[in-house]
file query-v6.cif (mmCIF, C-alpha atoms and all ligand atoms)
data_data
#
loop_
_atom_site.label_atom_id
_atom_site.label_comp_id
_atom_site.auth_asym_id
_atom_site.auth_seq_id
_atom_site.Cartn_x
_atom_site.Cartn_y
_atom_site.Cartn_z
CA MET A 12 -8.00 -3.23 -7.76
CA SER A 13 -6.73 -1.44 -10.84
CA THR A 14 -3.94 -2.84 -12.99
CA HIS A 15 -0.56 -3.21 -11.39
CA LYS A 16 1.79 -0.24 -11.47
CA LYS A 17 5.47 -0.95 -11.69
CA LEU A 18 7.02 0.38 -8.48
CA PHE A 19 9.81 2.94 -8.59
CA ILE A 20 9.18 3.93 -4.98
CA PRO A 21 11.69 3.30 -2.17
CA GLY A 22 9.81 0.34 -0.74
CA PRO A 23 7.90 -1.72 -1.17
CA VAL A 24 9.64 -2.58 -4.40
CA GLU A 25 8.66 -4.59 -7.42
CA VAL A 26 8.90 -8.31 -6.55
CA ARG A 27 9.67 -10.85 -9.27
CA ASP A 28 6.99 -13.46 -9.98
CA GLU A 29 9.21 -16.40 -8.99
CA VAL A 30 9.76 -14.79 -5.59
CA LEU A 31 6.03 -14.13 -5.15
CA GLU A 32 5.38 -17.79 -5.98
CA LYS A 33 7.72 -18.89 -3.18
CA MET A 34 5.51 -16.95 -0.75
CA ALA A 35 2.80 -19.50 -1.57
CA THR A 36 4.84 -22.51 -0.37
CA PRO A 37 2.76 -24.68 2.03
CA MET A 38 3.41 -24.04 5.73
CA ILE A 39 5.60 -26.30 7.88
CA GLY A 40 5.69 -26.82 11.65
CA HIS A 41 7.74 -23.98 13.09
CA ARG A 42 9.39 -26.27 15.68
CA THR A 43 10.49 -28.90 13.17
CA LYS A 44 13.96 -29.78 11.88
CA ASP A 45 12.87 -28.42 8.49
CA ALA A 46 12.13 -25.03 10.02
CA SER A 47 15.55 -24.96 11.69
CA ALA A 48 17.25 -25.97 8.46
CA LEU A 49 15.46 -23.21 6.58
CA GLN A 50 16.47 -20.58 9.11
CA GLN A 51 20.05 -21.83 9.17
CA GLU A 52 20.33 -21.65 5.38
CA ILE A 53 18.97 -18.12 5.41
CA SER A 54 21.45 -17.14 8.13
CA GLU A 55 24.42 -18.49 6.26
CA LYS A 56 23.41 -16.80 3.02
CA LEU A 57 22.77 -13.51 4.78
CA GLN A 58 26.20 -13.67 6.41
CA LYS A 59 27.65 -13.93 2.91
CA VAL A 60 25.71 -11.04 1.42
CA MET A 61 26.29 -8.83 4.46
CA GLY A 62 29.98 -9.67 4.82
CA THR A 63 29.71 -10.72 8.44
CA LYS A 64 30.31 -13.61 10.82
CA ASN A 65 27.90 -12.10 13.33
CA THR A 66 24.68 -13.77 14.42
CA ILE A 67 21.77 -13.20 12.06
CA ILE A 68 18.37 -12.67 13.60
CA LEU A 69 15.04 -12.43 11.84
CA SER A 70 11.97 -10.59 13.05
CA THR A 71 8.44 -10.82 11.75
CA SER A 72 7.98 -7.07 11.56
CA SER A 73 9.08 -4.35 9.21
CA GLY A 74 12.52 -2.80 9.76
CA SER A 75 11.17 -0.42 12.40
CA GLY A 76 10.71 -3.37 14.79
CA LEU A 77 14.40 -4.21 15.04
CA MET A 78 15.31 -0.50 15.07
CA GLU A 79 13.12 0.01 18.12
CA GLY A 80 14.54 -3.16 19.68
CA ALA A 81 18.09 -1.89 19.11
CA VAL A 82 17.69 1.37 21.06
CA ARG A 83 16.21 -0.58 23.98
CA CYS A 84 18.71 -3.43 23.97
CA PHE A 85 22.02 -1.66 23.48
CA THR A 86 21.75 1.61 25.41
CA SER A 87 22.85 1.56 29.04
CA LYS A 88 24.11 5.13 29.54
CA LYS A 89 22.73 7.17 26.65
CA ALA A 90 22.30 6.80 22.90
CA ALA A 91 23.65 9.33 20.41
CA ILE A 92 21.24 9.33 17.47
CA PHE A 93 22.69 10.88 14.34
CA SER A 94 19.96 12.11 12.05
CA ILE A 95 20.18 13.15 8.41
CA GLY A 96 16.43 13.15 7.86
CA ALA A 97 13.14 11.41 8.53
CA PHE A 98 14.54 8.01 9.50
CA GLY A 99 17.02 9.43 12.02
CA GLU A 100 14.14 11.38 13.57
CA ARG A 101 12.20 8.13 13.74
CA TRP A 102 15.01 6.40 15.64
CA TYR A 103 15.13 9.24 18.14
CA LYS A 104 11.39 9.01 18.64
CA MET A 105 11.69 5.27 19.26
CA ALA A 106 14.20 6.02 22.01
CA THR A 107 12.13 8.71 23.70
CA CYS A 108 8.87 6.71 23.44
CA ASN A 109 10.56 3.85 25.26
CA GLY A 110 12.11 6.05 27.94
CA VAL A 111 15.61 5.31 26.65
CA PRO A 112 18.02 8.20 27.34
CA ALA A 113 19.08 9.68 23.99
CA ASP A 114 20.30 12.85 22.31
CA ILE A 115 19.83 13.65 18.66
CA PHE A 116 22.51 15.20 16.46
CA ARG A 117 21.01 16.59 13.29
CA SER A 118 22.71 17.42 10.02
CA GLU A 119 21.23 19.89 7.59
CA LEU A 120 18.79 18.11 5.26
CA GLY A 121 20.59 16.75 2.21
CA GLN A 122 23.91 16.55 4.09
CA ILE A 123 25.73 13.68 5.79
CA THR A 124 26.71 12.83 9.35
CA THR A 125 30.43 13.64 9.36
CA PRO A 126 33.07 11.63 11.24
CA GLU A 127 33.91 14.92 13.00
CA MET A 128 30.35 15.22 14.34
CA VAL A 129 30.54 11.71 15.74
CA ASP A 130 33.95 12.38 17.27
CA GLU A 131 32.73 15.57 18.92
CA ALA A 132 29.65 13.93 20.41
CA LEU A 133 31.50 10.87 21.68
CA SER A 134 34.35 12.93 23.17
CA THR A 135 31.92 13.96 25.93
CA GLY A 136 31.97 10.38 27.22
CA GLU A 137 28.19 10.52 27.68
CA TYR A 138 27.24 7.90 25.11
CA ASP A 139 27.68 4.15 24.94
CA MET A 140 25.84 3.48 21.68
CA ILE A 141 25.29 5.39 18.46
CA THR A 142 22.85 4.99 15.62
CA ILE A 143 23.60 5.98 12.04
CA THR A 144 21.25 5.99 9.07
CA HIS A 145 23.34 4.48 6.29
CA ASN A 146 21.04 5.54 3.49
CA GLU A 147 18.52 8.30 4.16
CA THR A 148 15.56 7.46 1.97
CA SER A 149 13.92 10.86 2.37
CA THR A 150 16.85 12.87 0.99
CA GLY A 151 18.63 10.31 -1.19
CA ILE A 152 22.07 10.41 0.38
CA HIS A 153 24.26 7.82 2.04
CA ASN A 154 26.52 8.32 5.01
CA PRO A 155 30.25 7.53 5.06
CA VAL A 156 29.84 4.71 7.57
CA GLY A 157 33.30 3.33 6.75
CA GLU A 158 34.89 6.67 7.74
CA ILE A 159 32.72 7.00 10.83
CA SER A 160 33.66 3.51 11.94
CA LYS A 161 37.36 4.42 11.79
CA VAL A 162 36.74 7.10 14.44
CA LEU A 163 35.07 4.53 16.67
CA LYS A 164 37.81 1.95 16.22
CA ALA A 165 40.56 4.48 16.93
CA LYS A 166 39.05 6.38 19.85
CA TYR A 167 35.84 4.83 21.19
CA PRO A 168 36.16 1.05 20.85
CA ASP A 169 33.56 0.33 23.55
CA VAL A 170 30.75 2.26 21.88
CA ILE A 171 28.18 0.05 20.14
CA LEU A 172 27.59 0.97 16.48
CA CYS A 173 24.04 0.42 15.18
CA VAL A 174 23.36 1.13 11.54
CA ASP A 175 20.06 1.40 9.67
CA THR A 176 20.68 -0.16 6.26
CA VAL A 177 16.98 -0.68 5.57
CA SER A 178 17.07 1.04 2.17
CA SER A 179 20.61 0.06 1.13
CA MET A 180 21.61 -3.47 2.19
CA CYS A 181 22.01 -5.61 -0.96
CA GLY A 182 22.08 -2.54 -3.19
CA ASP A 183 24.94 -0.44 -1.83
CA TYR A 184 28.39 -1.62 -0.68
CA ILE A 185 28.21 -2.40 3.06
CA PRO A 186 30.94 -4.70 4.41
CA VAL A 187 29.57 -5.19 7.93
CA ASP A 188 32.58 -6.76 9.66
CA GLU A 189 35.17 -4.62 7.90
CA TRP A 190 33.34 -1.55 9.14
CA GLY A 191 32.85 -3.04 12.62
CA ILE A 192 29.07 -2.61 12.58
CA ASP A 193 27.75 -4.23 15.77
CA VAL A 194 24.11 -4.13 14.79
CA CYS A 195 23.16 -3.86 11.13
CA ILE A 196 19.45 -3.70 10.39
CA THR A 197 17.55 -4.13 7.16
CA SER A 198 14.15 -5.29 5.96
CA THR A 199 12.76 -7.35 3.12
CA GLN A 200 10.82 -4.81 1.06
CA LYS A 201 13.66 -2.65 -0.26
CA CYS A 202 16.90 -3.76 -1.92
CA LEU A 203 16.31 -7.41 -1.07
CA GLY A 204 13.36 -7.41 -3.45
CA LEU A 205 10.77 -9.22 -1.31
CA PRO A 206 7.34 -8.27 0.04
CA PRO A 207 7.24 -6.22 3.27
CA GLY A 208 6.91 -8.04 6.57
CA MET A 209 10.25 -9.27 7.82
CA SER A 210 13.28 -7.49 9.20
CA ILE A 211 16.79 -8.77 9.55
CA ALA A 212 19.75 -7.83 11.71
CA SER A 213 23.29 -8.99 12.20
CA VAL A 214 24.48 -8.59 15.77
CA SER A 215 27.95 -8.92 17.28
CA ASP A 216 28.70 -11.06 20.34
CA ARG A 217 29.98 -8.08 22.28
CA ALA A 218 26.73 -6.22 21.64
CA LEU A 219 24.77 -9.26 22.83
CA GLU A 220 26.91 -9.56 25.97
CA LYS A 221 26.26 -5.94 26.73
CA ALA A 222 22.52 -6.27 26.08
CA LYS A 223 22.32 -9.03 28.72
CA THR A 224 23.25 -6.43 31.34
CA ILE A 225 20.46 -4.06 30.33
CA PRO A 226 17.03 -4.43 31.98
CA ASN A 227 13.69 -3.69 30.26
CA ARG A 228 14.63 -4.78 26.77
CA GLY A 229 11.05 -5.71 25.98
CA LEU A 230 10.36 -9.19 24.65
CA TYR A 231 9.21 -9.34 21.02
CA PHE A 232 12.16 -7.26 19.77
CA ASP A 233 14.64 -8.43 22.40
CA TYR A 234 17.88 -9.20 20.56
CA VAL A 235 19.06 -11.44 23.40
CA GLU A 236 15.95 -13.61 23.13
CA LEU A 237 16.05 -13.69 19.32
CA ALA A 238 19.76 -14.60 19.34
CA LYS A 239 19.29 -17.23 22.05
CA PHE A 240 16.88 -19.10 19.78
CA VAL A 241 19.47 -19.02 17.01
CA LYS A 242 22.55 -19.95 19.05
CA GLU A 243 21.18 -22.32 21.67
CA LYS A 244 18.13 -24.02 20.14
CA PRO A 245 19.55 -23.88 17.32
CA PHE A 246 18.00 -21.87 14.52
CA GLN A 247 14.57 -21.53 15.94
CA TYR A 248 12.42 -18.50 16.33
CA PRO A 249 10.91 -17.48 19.71
CA SER A 250 7.35 -17.02 18.36
CA THR A 251 5.81 -18.01 15.03
CA PRO A 252 7.72 -16.43 12.15
CA SER A 253 6.35 -15.51 8.75
CA GLU A 254 7.34 -18.74 7.05
CA SER A 255 6.17 -17.35 3.73
CA HIS A 256 8.84 -14.68 3.91
CA MET A 257 11.43 -17.23 4.91
CA PHE A 258 10.70 -19.46 1.89
CA ALA A 259 10.91 -16.48 -0.43
CA LEU A 260 13.99 -15.02 1.28
CA ASP A 261 15.86 -18.32 1.05
CA TYR A 262 15.18 -18.45 -2.68
CA GLN A 263 15.91 -14.78 -3.30
CA LEU A 264 19.24 -14.97 -1.46
CA ASP A 265 20.31 -17.70 -3.89
CA CYS A 266 19.48 -15.37 -6.77
CA ILE A 267 21.34 -12.49 -5.14
CA LEU A 268 24.44 -14.61 -4.53
CA LYS A 269 24.23 -15.87 -8.10
CA GLU A 270 24.23 -12.30 -9.42
CA GLY A 271 27.15 -11.59 -7.07
CA MET A 272 27.39 -8.75 -4.58
CA GLU A 273 29.80 -6.76 -6.71
CA ASN A 274 27.61 -7.04 -9.82
CA ARG A 275 24.57 -6.10 -7.79
CA TYR A 276 26.32 -3.03 -6.43
CA LYS A 277 27.51 -2.06 -9.94
CA ARG A 278 24.00 -2.41 -11.33
CA HIS A 279 22.66 -0.14 -8.59
CA CYS A 280 25.38 2.43 -9.34
CA GLU A 281 24.50 2.35 -13.05
CA MET A 282 20.78 2.74 -12.41
CA ALA A 283 21.50 5.63 -10.03
CA GLU A 284 23.70 7.33 -12.61
CA LEU A 285 20.94 7.16 -15.24
CA VAL A 286 18.42 8.76 -12.89
CA ARG A 287 20.87 11.41 -11.70
CA ASP A 288 21.71 12.31 -15.30
CA TRP A 289 18.01 12.69 -16.00
CA ALA A 290 17.62 14.89 -12.92
CA ARG A 291 20.61 17.10 -13.75
CA LYS A 292 19.29 17.60 -17.25
CA ASN A 293 15.63 18.19 -16.43
CA ALA A 294 15.48 19.45 -12.85
CA GLU A 295 17.94 19.52 -9.94
CA LEU A 296 19.40 16.99 -7.54
CA TYR A 297 18.38 17.74 -3.98
CA SER A 298 21.31 16.40 -1.95
CA ASP A 299 25.04 16.78 -1.40
CA PRO A 300 26.46 15.69 -4.79
CA ASP A 301 29.41 13.91 -3.18
CA ASN A 302 27.29 11.50 -1.17
CA LEU A 303 24.37 10.55 -3.36
CA SER A 304 22.52 7.35 -2.59
CA VAL A 305 22.88 4.54 -5.10
CA THR A 306 19.39 3.19 -4.33
CA VAL A 307 17.11 6.25 -4.37
CA THR A 308 17.38 9.69 -5.94
CA CYS A 309 15.70 12.77 -4.47
CA ILE A 310 14.94 15.44 -7.06
CA LYS A 311 13.99 19.09 -6.53
CA ASN A 312 10.83 19.73 -8.47
CA THR A 313 11.81 22.68 -10.64
CA LEU A 314 9.65 21.44 -13.51
CA GLY A 315 6.83 23.93 -12.94
CA ILE A 316 4.30 21.07 -12.76
CA PRO A 317 2.98 19.64 -9.48
CA PHE A 318 4.43 16.17 -8.95
CA ALA A 319 0.96 14.75 -8.26
CA GLU A 320 0.01 15.50 -11.89
CA ILE A 321 3.16 13.83 -13.17
CA ASN A 322 2.61 10.75 -11.04
CA LYS A 323 -1.03 10.51 -12.15
CA LYS A 324 0.01 10.47 -15.80
CA MET A 325 2.80 8.00 -15.04
CA GLY A 326 0.17 5.87 -13.32
CA GLU A 327 -1.84 5.75 -16.53
CA ARG A 328 1.28 4.30 -18.15
CA GLY A 329 1.71 1.71 -15.42
CA TYR A 330 4.32 3.36 -13.20
CA LEU A 331 4.40 4.60 -9.63
CA LEU A 332 7.07 7.09 -8.55
CA SER A 333 7.34 8.64 -5.11
CA GLY A 334 6.59 12.10 -3.77
CA GLY A 335 8.81 13.87 -1.27
CA TYR A 336 8.92 12.66 2.34
CA GLY A 337 8.21 14.61 5.50
CA ALA A 338 9.55 18.15 5.34
CA LEU A 339 10.37 17.68 1.64
CA LYS A 340 6.91 16.50 0.65
CA GLU A 341 5.96 19.46 -1.53
CA THR A 342 9.32 20.46 -2.98
CA THR A 343 10.88 17.19 -4.06
CA PHE A 344 10.05 13.83 -5.57
CA ARG A 345 11.91 10.57 -5.47
CA ILE A 346 12.76 7.79 -7.86
CA ALA A 347 13.93 4.51 -6.39
CA HIS A 348 16.28 2.25 -8.31
CA MET A 349 16.68 -0.79 -6.14
CA ALA A 350 16.37 -4.54 -5.81
CA ASP A 351 15.85 -6.44 -9.08
CA THR A 352 15.02 -3.48 -11.31
CA THR A 353 17.08 -3.60 -14.51
CA ILE A 354 18.96 -0.89 -16.38
CA ASP A 355 16.54 -1.26 -19.31
CA GLU A 356 13.52 -0.85 -17.02
CA VAL A 357 15.00 2.39 -15.66
CA LYS A 358 15.62 3.68 -19.19
CA GLU A 359 12.08 2.78 -20.23
CA MET A 360 10.63 4.50 -17.15
CA LEU A 361 12.67 7.67 -17.84
CA ARG A 362 11.53 7.68 -21.46
CA ASN A 363 7.93 7.60 -20.26
CA LEU A 364 8.67 10.32 -17.75
CA ASP A 365 10.04 12.55 -20.52
CA GLU A 366 6.91 12.00 -22.58
CA VAL A 367 4.58 12.66 -19.66
CA ILE A 368 6.34 15.91 -18.79
CA ALA A 369 6.27 17.05 -22.43
CA GLU A 370 2.52 16.29 -22.59
CA LEU A 371 1.81 18.21 -19.38
CA LYS A 372 3.90 21.17 -20.49
CA ALA A 373 2.05 21.29 -23.83
CA GLN A 374 -1.30 21.13 -22.00
CA ASN A 375 -0.38 23.94 -19.62
CA ALA A 376 1.14 26.15 -22.33
C1 LIG B 1 11.89 2.22 4.92
C2 LIG B 1 12.90 2.65 5.92
C3 LIG B 1 12.77 2.39 7.29
C4 LIG B 1 11.54 1.81 7.87
O1 LIG B 1 11.48 0.50 7.55
P1 LIG B 1 10.10 -0.29 7.67
O2 LIG B 1 10.54 -1.61 7.12
O3 LIG B 1 9.09 0.43 6.84
O4 LIG B 1 9.73 -0.34 9.09
C5 LIG B 1 13.79 2.75 8.13
N1 LIG B 1 14.89 3.36 7.67
C6 LIG B 1 15.05 3.65 6.37
C7 LIG B 1 16.29 4.33 5.93
C8 LIG B 1 14.06 3.30 5.46
O5 LIG B 1 14.21 3.61 4.18
#
call {"tool": "encode", "arguments": {"input": "query-v6.cif", "output": "structure tokens", "more": "lines below"}}
Ligand SMILES: *Cc1c(COP(=O)(O)O)cnc(C)c1O
result
Amino acid sequence: MSTHKKLFIPGPVEVRDEVLEKMATPMIGHRTKDASALQQEISEKLQKVMGTKNTIILSTSSGSGLMEGAVRCFTSKKAAIFSIGAFGERWYKMATCNGVPADIFRSELGQITTPEMVDEALSTGEYDMITITHNETSTGIHNPVGEISKVLKAKYPDVILCVDTVSSMCGDYIPVDEWGIDVCITSTQKCLGLPPGMSIASVSDRALEKAKTIPNRGLYFDYVELAKFVKEKPFQYPSTPSESHMFALDYQLDCILKEGMENRYKRHCEMAELVRDWARKNAELYSDPDNLSVTVTCIKNTLGIPFAEINKKMGERGYLLSGGYGALKETTFRIAHMADTTIDEVKEMLRNLDEVIAELKAQNA
């Protein structure tokens, strides 16, 4: 393997050495009191960082696992999937692949899901659960989930609200209970700053009660089963979890709580502002300027140099940035600013980016 490149891609992210070392903790019996204590500690810390009293479940899978589980477990009539890009499309595909009735409501790329769109869809009375992508990693925008949740509270209180916060939880501001999010899903390899391999969800009691009435929920990603092992056992895991992730997560949550959620959010906003400033000055921001993500920035490549060349040169300097995703693969590139990345590291990366672009422009001139 070549030398390590510092990751500025939207997952997996750079993981601090101390966190990586925790992954090497010796294994324990997964049915022991120690295993329960570890899971309980993680749960309590996650409730704090997520702002929720809901049950916390863990899944040894990437975030997609609990997303797929959610469409199966919480849809009895039909799911309304609101899509603002690649990850909304993915949720719709999960529904259709599992034979779960669902309709997709797409926004123009780079735009949000509006509360009005949600209101219009739900006014038909056809849907009993909705999914929202909080932070669309392919376009670099975040949805106004707080505003959307007000529509649900006021007019559709029985509809279950599932939110994908895979690329924003622990970076952006997401008060789960204040917003009434029934099912809030994230995974380890983005703003949490851990290696990929575990996903996390908070789930409300009313969502769990509803899920119990729904047949064919599957087993490995069945929220009822996962929650049963937390509530009734207590704090056990139905199969064998990735203990390595749990050791590292427990430690990392202490660090996150020590930084403080507000400070963490502020740091993400500052990093985002630096990258946006760079983009405004040197190229163009892709998405709706009023709803830009604080964890990843999507930039239109107006530089006149293919992004692959830029990334190759950045690689020689020990950095990895991200190309565009899906439909935006050729026309945009992305810079992530999430997890434990510091303001100074962002500045240093941007300074290198300036130099690389100047070099390439001189070469091509
Ligand atoms: C990365 C990502 C996912 C997929 O998560 P995995 O952990 O890779 O399965 C889903 N939604 C969003 C918004 C993401 O950024």
call {"tool": "residues_near_ligand", "arguments": {"input": "query-v6.cif", "ligand": "ligand LIG 1 (chain B)", "cutoff": "6 Å", "atoms": "only C-alpha atoms and all ligand atoms", "output": "MDAnalysis selection string"}}
result
chainID A and resid 73:75 98 146:148 175 177:178 198
call {"tool": "write_last_selection", "arguments": {"input": "query-v6.cif", "atoms": "C-alpha atoms", "output": "PDB file, in the coordinates of the input"}}
result
ATOM      1  CA  SER A  73       9.080  -4.350   9.210  1.00  0.00           C
ATOM      2  CA  GLY A  74      12.520  -2.800   9.760  1.00  0.00           C
ATOM      3  CA  SER A  75      11.170  -0.420  12.400  1.00  0.00           C
ATOM      4  CA  PHE A  98      14.540   8.010   9.500  1.00  0.00           C
ATOM      5  CA  ASN A 146      21.040   5.540   3.490  1.00  0.00           C
ATOM      6  CA  GLU A 147      18.520   8.300   4.160  1.00  0.00           C
ATOM      7  CA  THR A 148      15.560   7.460   1.970  1.00  0.00           C
ATOM      8  CA  ASP A 175      20.060   1.400   9.670  1.00  0.00           C
ATOM      9  CA  VAL A 177      16.980  -0.680   5.570  1.00  0.00           C
ATOM     10  CA  SER A 178      17.070   1.040   2.170  1.00  0.00           C
ATOM     11  CA  SER A 198      14.150  -5.290   5.960  1.00  0.00           C
TER      12      SER A 198
END
call {"tool": "residues_around", "arguments": {"input": "query-v6.cif", "residues": "His41 in chain A", "least_positions_apart": "6", "cutoff": "12 Å", "atoms": "all atoms listed in the file", "output": "short mmCIF file (atom, residue, chain, number, x, y, z; two decimals) with C-alpha atoms, in the frame of the given file"}}
result
data_model
loop_
_atom_site.label_atom_id
_atom_site.label_comp_id
_atom_site.auth_asym_id
_atom_site.auth_seq_id
_atom_site.Cartn_x
_atom_site.Cartn_y
_atom_site.Cartn_z
CA SER A 47 15.55 -24.96 11.69
CA ALA A 48 17.25 -25.97 8.46
CA LEU A 49 15.46 -23.21 6.58
CA GLN A 50 16.47 -20.58 9.11
CA PHE A 246 18.00 -21.87 14.52
CA GLN A 247 14.57 -21.53 15.94
CA TYR A 248 12.42 -18.50 16.33
CA PRO A 249 10.91 -17.48 19.71
CA SER A 250 7.35 -17.02 18.36
CA THR A 251 5.81 -18.01 15.03
CA PRO A 252 7.72 -16.43 12.15
CA SER A 253 6.35 -15.51 8.75
CA GLU A 254 7.34 -18.74 7.05
CA SER A 255 6.17 -17.35 3.73
CA MET A 257 11.43 -17.23 4.91
#
call {"tool": "closest_atom_pairs", "arguments": {"input": "query-v6.cif", "of": "range 102-149 of chain A", "to": "range 156-162 of chain A", "cutoff": "9 Å", "atoms": "all atoms listed in the file", "output": "Markdown table"}}
result
| residue | atom | partner | partner_atom | distance |
| --- | --- | --- | --- | --- |
| A:Thr124 | CA | A:Ile159 | CA | 8.5 |
| A:Thr125 | CA | A:Ile159 | CA | 7.2 |
| A:Pro126 | CA | A:Ile159 | CA | 4.7 |
| A:Glu127 | CA | A:Ile159 | CA | 8.3 |
| A:Val129 | CA | A:Ile159 | CA | 7.1 |
| A:Asp130 | CA | A:Val162 | CA | 6.6 |
| A:Ile143 | CA | A:Val156 | CA | 7.8 |
| A:Thr144 | CA | A:Val156 | CA | 8.8 |
| A:His145 | CA | A:Val156 | CA | 6.6 |
call {"tool": "atom_distance", "arguments": {"input": "query-v6.cif", "atom1": "CA of Phe116 in chain A", "atom2": "CA of Ser179 in chain A"}}
result
21.6 Å
call {"tool": "atom_distance", "arguments": {"input": "query-v6.cif", "atom1": "CA of Arg101 in chain A", "atom2": "CA of Ile115 in chain A"}}
result
10.6 Å
